[in-house]
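So this block is start.cif, mmCIF, C-alpha atoms:
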data_model
#
loop_
_atom_site.label_atom_id
_atom_site.label_comp_id
_atom_site.auth_asym_id
_atom_site.auth_seq_id
_atom_site.Cartn_x
_atom_site.Cartn_y
_atom_site.Cartn_z
CA ARG O 1 58.67 101.93 -53.57
CA LYS O 2 57.95 98.97 -51.30
CA GLU O 3 55.41 99.52 -48.54
CA VAL O 4 57.87 98.38 -45.85
CA GLU O 5 61.62 98.80 -46.27
CA GLN O 6 64.33 97.46 -44.01
CA ASP O 7 68.11 97.58 -43.78
CA PRO O 8 69.30 94.97 -46.29
CA GLY O 9 71.85 93.36 -43.97
CA PRO O 10 73.28 90.91 -43.23
CA PHE O 11 74.55 92.08 -39.87
CA ASN O 12 77.45 90.05 -38.49
CA VAL O 13 78.19 91.02 -34.88
CA PRO O 14 80.19 89.53 -31.99
CA GLU O 15 78.48 88.20 -28.91
CA GLY O 16 77.68 90.98 -26.47
CA ALA O 17 77.35 93.64 -29.15
CA THR O 18 74.42 96.03 -29.48
CA VAL O 19 72.74 96.02 -32.87
CA ALA O 20 69.99 98.24 -34.27
CA PHE O 21 67.61 97.53 -37.12
CA ASN O 22 65.72 100.25 -38.96
CA CYS O 23 62.51 100.11 -40.93
CA THR O 24 60.38 102.64 -42.77
CA TYR O 25 56.81 102.29 -43.98
CA SER O 26 55.04 104.25 -46.68
CA ASN O 27 51.36 103.94 -45.79
CA SER O 28 50.42 106.60 -43.25
CA ALA O 29 47.19 104.70 -42.52
CA SER O 30 49.22 101.92 -40.89
CA GLN O 31 48.13 101.46 -37.32
CA SER O 32 49.83 98.39 -35.87
CA PHE O 33 53.51 97.63 -35.96
CA PHE O 34 55.49 94.53 -35.10
CA TRP O 35 58.85 92.87 -35.21
CA TYR O 36 58.81 89.19 -36.11
CA ARG O 37 61.71 86.81 -35.86
CA GLN O 38 62.22 84.04 -38.39
CA ASP O 39 64.73 81.23 -37.96
CA CYS O 40 66.12 79.52 -41.03
CA ARG O 41 63.43 77.53 -42.87
CA LYS O 42 60.89 78.14 -40.10
CA GLU O 43 57.77 80.26 -39.79
CA PRO O 44 57.86 83.88 -38.56
CA LYS O 45 57.16 84.30 -34.85
CA LEU O 46 56.07 87.48 -33.13
CA LEU O 47 58.98 89.04 -31.25
CA MET O 48 57.23 92.15 -30.04
CA SER O 49 54.61 94.73 -30.89
CA VAL O 50 55.78 98.32 -31.28
CA TYR O 51 54.04 101.17 -29.53
CA SER O 52 54.36 104.94 -29.98
CA SER O 53 55.70 105.32 -26.46
CA GLY O 54 58.41 102.76 -27.15
CA ASN O 55 58.55 99.43 -25.41
CA GLU O 56 61.15 97.14 -23.98
CA ASP O 57 61.27 93.40 -23.43
CA GLY O 58 64.46 92.34 -21.72
CA ARG O 59 67.35 92.99 -24.12
CA PHE O 60 65.00 94.14 -26.88
CA THR O 61 63.74 97.71 -27.32
CA ALA O 62 61.35 98.82 -30.06
CA GLN O 63 60.60 102.39 -31.06
CA LEU O 64 58.02 103.93 -33.37
CA ASN O 65 58.09 107.42 -34.89
CA ARG O 66 54.77 108.00 -36.63
CA ALA O 67 55.76 111.41 -37.98
CA SER O 68 58.78 109.93 -39.77
CA GLN O 69 57.04 106.59 -40.43
CA TYR O 70 60.04 104.86 -38.92
CA ILE O 71 60.36 101.80 -36.68
CA SER O 72 63.44 100.49 -34.96
CA LEU O 73 64.56 97.45 -32.99
CA LEU O 74 67.56 97.51 -30.66
CA ILE O 75 69.12 94.33 -29.35
CA ARG O 76 71.55 94.70 -26.47
CA ASP O 77 74.10 92.13 -25.30
CA SER O 78 73.60 89.94 -28.38
CA LYS O 79 73.53 86.18 -27.86
CA LEU O 80 74.33 83.44 -30.34
CA SER O 81 70.67 82.45 -30.14
CA ASP O 82 69.64 85.86 -31.50
CA SER O 83 70.92 84.80 -34.94
CA ALA O 84 67.85 84.92 -37.19
CA THR O 85 66.08 87.11 -39.73
CA TYR O 86 64.15 90.03 -38.25
CA LEU O 87 61.04 91.10 -40.13
CA CYS O 88 59.43 94.51 -39.79
CA VAL O 89 55.65 94.23 -40.13
CA VAL O 90 52.86 96.81 -40.38
CA ASN O 91 49.10 96.51 -40.47
CA LYS O 92 46.28 98.87 -41.41
CA PRO O 93 43.11 99.15 -39.34
CA GLY O 94 40.39 96.56 -39.70
CA ASN O 95 40.63 92.95 -40.78
CA THR O 96 43.56 93.53 -43.13
CA PRO O 97 46.66 91.46 -43.84
CA LEU O 98 50.09 92.02 -42.39
CA VAL O 99 52.61 93.70 -44.68
CA PHE O 100 56.17 92.43 -44.27
CA GLY O 101 59.51 93.93 -45.02
CA LYS O 102 62.13 91.83 -46.74
CA GLY O 103 63.83 91.07 -43.43
CA THR O 104 67.29 91.70 -42.08
CA ARG O 105 69.51 88.77 -41.29
CA LEU O 106 71.54 88.84 -38.09
CA SER O 107 74.44 86.52 -37.36
CA VAL O 108 75.91 86.71 -33.88
CA ILE O 109 79.41 85.27 -33.82
CA ALA O 110 81.26 83.78 -30.83
CA GLU N 1 52.98 75.81 -30.44
CA THR N 2 50.66 78.30 -32.17
CA GLY N 3 47.84 75.85 -32.72
CA VAL N 4 48.04 76.48 -36.47
CA THR N 5 48.95 73.41 -38.48
CA GLN N 6 49.74 73.11 -42.16
CA SER N 7 50.01 70.09 -44.38
CA PRO N 8 52.00 68.80 -46.05
CA THR N 9 55.28 70.19 -44.71
CA HIS N 10 57.18 69.55 -47.94
CA LEU N 11 56.03 68.89 -51.47
CA ILE N 12 57.66 68.44 -54.86
CA LYS N 13 55.55 69.00 -57.96
CA THR N 14 56.18 69.16 -61.68
CA ARG N 15 55.58 72.30 -63.74
CA GLY N 16 51.98 72.40 -64.97
CA GLN N 17 50.59 70.32 -62.15
CA GLN N 18 48.09 71.44 -59.54
CA VAL N 19 48.59 71.51 -55.77
CA THR N 20 46.39 71.88 -52.69
CA LEU N 21 47.83 73.06 -49.39
CA ARG N 22 45.89 72.85 -46.14
CA CYS N 23 45.74 74.88 -42.95
CA SER N 24 43.96 74.32 -39.65
CA SER N 25 43.54 77.58 -37.81
CA GLN N 26 43.88 78.18 -34.10
CA SER N 27 40.69 77.37 -32.20
CA GLY N 28 38.26 80.30 -32.30
CA HIS N 29 40.11 82.21 -35.02
CA ASN N 30 37.78 83.17 -37.86
CA THR N 31 40.32 84.70 -40.25
CA VAL N 32 42.96 82.87 -42.26
CA SER N 33 45.56 84.56 -44.43
CA TRP N 34 47.95 82.93 -46.86
CA TYR N 35 51.41 84.21 -47.71
CA GLN N 36 54.10 83.17 -50.18
CA GLN N 37 57.70 83.56 -49.10
CA ALA N 38 60.36 83.16 -51.78
CA LEU N 39 63.96 82.58 -50.75
CA GLY N 40 65.52 85.73 -49.31
CA GLN N 41 62.26 87.68 -49.35
CA GLY N 42 59.63 88.61 -46.80
CA PRO N 43 56.24 86.90 -46.91
CA GLN N 44 53.93 88.27 -49.63
CA PHE N 45 50.18 88.35 -49.06
CA ILE N 46 48.17 86.06 -51.34
CA PHE N 47 44.64 86.30 -49.93
CA GLN N 48 42.61 86.30 -46.76
CA TYR N 49 39.43 84.46 -45.80
CA TYR N 50 36.96 85.61 -43.18
CA ARG N 51 33.94 83.47 -42.34
CA GLU N 52 34.28 81.46 -45.58
CA GLU N 53 34.46 84.51 -47.85
CA GLU N 54 37.53 85.95 -49.57
CA ASN N 55 38.24 89.18 -47.74
CA GLY N 56 41.16 90.62 -49.67
CA ARG N 57 43.66 89.54 -52.27
CA GLY N 58 47.24 90.43 -53.05
CA ASN N 59 48.90 90.66 -56.43
CA PHE N 60 48.62 87.00 -57.41
CA PRO N 61 47.05 85.56 -60.59
CA PRO N 62 43.69 83.74 -60.59
CA ARG N 63 45.40 80.35 -60.72
CA PHE N 64 45.92 80.92 -56.99
CA SER N 65 42.58 80.21 -55.33
CA GLY N 66 41.35 79.25 -51.92
CA LEU N 67 38.58 78.09 -49.67
CA GLN N 68 37.63 78.44 -46.05
CA PHE N 69 35.43 75.84 -44.39
CA PRO N 70 32.80 76.25 -41.65
CA ASN N 71 35.35 75.18 -39.04
CA TYR N 72 37.61 78.00 -40.37
CA SER N 73 40.25 75.66 -41.76
CA SER N 74 41.43 76.65 -45.20
CA GLU N 75 42.92 75.43 -48.46
CA LEU N 76 45.18 77.11 -50.96
CA ASN N 77 45.04 75.74 -54.50
CA VAL N 78 47.53 76.56 -57.21
CA ASN N 79 46.88 75.47 -60.80
CA ALA N 80 49.32 75.24 -63.70
CA LEU N 81 52.35 75.37 -61.43
CA GLU N 82 55.34 77.39 -62.59
CA LEU N 83 58.95 77.14 -61.47
CA ASP N 84 58.64 80.53 -59.74
CA ASP N 85 55.89 79.13 -57.51
CA SER N 86 58.63 77.35 -55.56
CA ALA N 87 58.48 78.94 -52.11
CA LEU N 88 57.45 78.55 -48.49
CA TYR N 89 53.68 78.93 -48.19
CA LEU N 90 52.56 80.25 -44.83
CA CYS N 91 49.13 80.26 -43.29
CA ALA N 92 48.28 82.66 -40.48
CA SER N 93 45.17 82.64 -38.35
CA SER N 94 43.75 85.53 -36.38
CA LEU N 95 40.59 87.03 -34.98
CA ALA N 96 38.93 89.71 -37.11
CA ASP N 97 40.07 93.21 -36.11
CA VAL N 98 42.87 91.84 -33.93
CA SER N 99 46.22 92.45 -35.58
CA GLU N 100 48.20 89.65 -33.99
CA ALA N 101 48.44 86.63 -36.27
CA PHE N 102 49.75 83.17 -35.57
CA PHE N 103 51.61 81.28 -38.26
CA GLY N 104 51.73 77.63 -39.10
CA GLN N 105 55.08 75.99 -39.78
CA GLY N 106 54.60 76.41 -43.52
CA THR N 107 54.61 74.16 -46.56
CA ARG N 108 57.76 74.18 -48.63
CA LEU N 109 56.77 73.70 -52.27
CA THR N 110 59.35 72.88 -54.90
CA VAL N 111 58.31 72.96 -58.55
CA VAL N 112 60.64 71.14 -60.95
#

Write the structure described by the file as structure tokens, please.
Amino acid sequence: RKEVEQDPGPFNVPEGATVAFNCTYSNSASQSFFWYRQDCRKEPKLLMSVYSSGNEDGRFTAQLNRASQYISLLIRDSKLSDSATYLCVVNKPGNTPLVFGKGTRLSVIA
Amino acid sequence: ETGVTQSPTHLIKTRGQQVTLRCSSQSGHNTVSWYQQALGQGPQFIFQYYREEENGRGNFPPRFSGLQFPNYSSELNVNALELDDSALYLCASSLADVSEAFFGQGTRLTVV
């Protein structure tokens, strides 16, 4: 079993739609959680960190359920510019590397 | 944007050759991690350097090696290149014990 698993996608949605991505992680020692966005043939860029209390940044809402080892990302009112691959990322305590999911590709269609 | 720069941006090598990829970390960052991202996959951890010492290694063979210099810049060396080494190689810099990492734009390596 992979350490971080995501919805395989791709997700093709119309502009204005709400879309949700799910992610599970297997290592209960994981302490930090993130969503990264990666545009085609570019490097990953941090979209947002994910906190236990849930957090929101504009149209984006991230949730973490430590008991279920589950992370989610909700995008409301999708824009064409949201088209990208969304990577779920976890990290253990200390100076340890990030562990990435395979990514879920989103295409927002006009 | 992130202050992390990688060179070269693109590279084509022949099977069996050796390659060196370079990364300049963001100012003040003492940790550099290297990742390999094959097409359609998430980045896979290769190894991490902290203050010039290897500080962790993923499931990659010994022909993948690295260095970190006193200014915290880093190199990734791959010997005896194989076709499956074709990928985007990403360098990320960070501060020790701070989870947020900043990525360079990557080096796209094609092995033919």

**Item:** Spatial neighbours of segment 63-69 of chain O, 10 Å, only C-alpha atoms, chain gap at least 5 places, as a VMD selection string
**Value:** chain O and resid 4 22 to 28 30 to 31 33 to 34 49 to 56 74

Which residues of chain O come within 8 Å of chain N, and what is each one's closest atom pair and distance in Å (one decimal), counting only C-alpha atoms, sorted by chain and residue number, as JSON lines?
{"residue": "O:Ser32", "atom": "CA", "partner": "N:Ser99", "partner_atom": "CA", "distance": 7.0}
{"residue": "O:Lys42", "atom": "CA", "partner": "N:Gln105", "partner_atom": "CA", "distance": 6.2}
{"residue": "O:Glu43", "atom": "CA", "partner": "N:Gln105", "partner_atom": "CA", "distance": 5.0}
{"residue": "O:Pro44", "atom": "CA", "partner": "N:Phe103", "partner_atom": "CA", "distance": 6.8}
{"residue": "O:Lys45", "atom": "CA", "partner": "N:Phe103", "partner_atom": "CA", "distance": 7.2}
{"residue": "O:Leu87", "atom": "CA", "partner": "N:Gly42", "partner_atom": "CA", "distance": 7.3}
{"residue": "O:Asn91", "atom": "CA", "partner": "N:Ser99", "partner_atom": "CA", "distance": 7.0}
{"residue": "O:Pro93", "atom": "CA", "partner": "N:Asp97", "partner_atom": "CA", "distance": 7.4}
{"residue": "O:Gly94", "atom": "CA", "partner": "N:Asp97", "partner_atom": "CA", "distance": 4.9}
{"residue": "O:Asn95", "atom": "CA", "partner": "N:Asp97", "partner_atom": "CA", "distance": 4.7}
{"residue": "O:Thr96", "atom": "CA", "partner": "N:Gly56", "partner_atom": "CA", "distance": 7.5}
{"residue": "O:Pro97", "atom": "CA", "partner": "N:Ser33", "partner_atom": "CA", "distance": 7.0}
{"residue": "O:Leu98", "atom": "CA", "partner": "N:Phe45", "partner_atom": "CA", "distance": 7.6}
{"residue": "O:Val99", "atom": "CA", "partner": "N:Phe45", "partner_atom": "CA", "distance": 7.3}
{"residue": "O:Phe100", "atom": "CA", "partner": "N:Gly42", "partner_atom": "CA", "distance": 5.7}
{"residue": "O:Gly101", "atom": "CA", "partner": "N:Gly42", "partner_atom": "CA", "distance": 5.6}
{"residue": "O:Lys102", "atom": "CA", "partner": "N:Gly42", "partner_atom": "CA", "distance": 4.1}
{"residue": "O:Gly103", "atom": "CA", "partner": "N:Gly42", "partner_atom": "CA", "distance": 5.9}

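In this model, the gap between atom CA of Phe69 of chain N and atom CA of Ser86 of chain N comes to 25.8 Å.
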
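Within the file as shown, the PyMOL selection byres ((chain N and resi 27) around 9) identifies Gly3, Val4, Ser24, Ser25, Gln26, Gly28, His29, Asn30, Asn71 and Tyr72 of chain N.
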
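The coordinates place atom CA of Ser107 of chain O at 12.5 Å from atom CA of Gln38 of chain O.
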
Closest of N:Ala38, N:Ile12, N:Glu54, N:Val112 to Glu75 of chain N, counting only C-alpha atoms, is N:Glu54

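Remark: for Arg41 of chain O, the closest of the candidate residues N:Gly16, N:Leu67, N:Pro61, N:Thr9 is N:Thr9 (distances computed over all atoms listed in the file).
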
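With distances restricted to all atoms listed in the file, O:Cys88 is the closest residue to Arg37 of chain O from O:Ile109, O:Cys88, O:Ala62, O:Ala20.
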
Residues near Val111 of chain N, anyone? I mean within 12 Å using only C-alpha atoms, not counting same-chain ones fewer than 6 positions away, as a ChimeraX atom specification. /N:10-19,78-88

Atom CA of Thr5 of chain N to atom CA of Val90 of chain O measures 23.8 Å

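Nearest residue to Gln6 of chain O among O:Leu106, O:Met48, O:Phe21, O:Thr61 is O:Phe21, counting only C-alpha atoms.
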
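Running the PyMOL selection byres ((chain O and resi 104) around 6) on this file leaves Pro8, Gly9, Thr85, Tyr86, Gly103 and Arg105 of chain O selected.
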
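Counting only C-alpha atoms, the residue from N:Leu109, N:Asn59, N:Ser93, N:Gln36 that sits nearest to Pro8 of chain N is N:Leu109.
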
Put a box with edges along x, y and z around all the listed atoms of segment 45-60 of chain O, pad it by 6 Å on each side, then give me its centre and sizes in Å, one decimal, as AutoDock Vina command-line options.
--center_x 60.7 --center_y 94.8 --center_z -28.3 --size_x 25.3 --size_y 33.0 --size_z 25.1
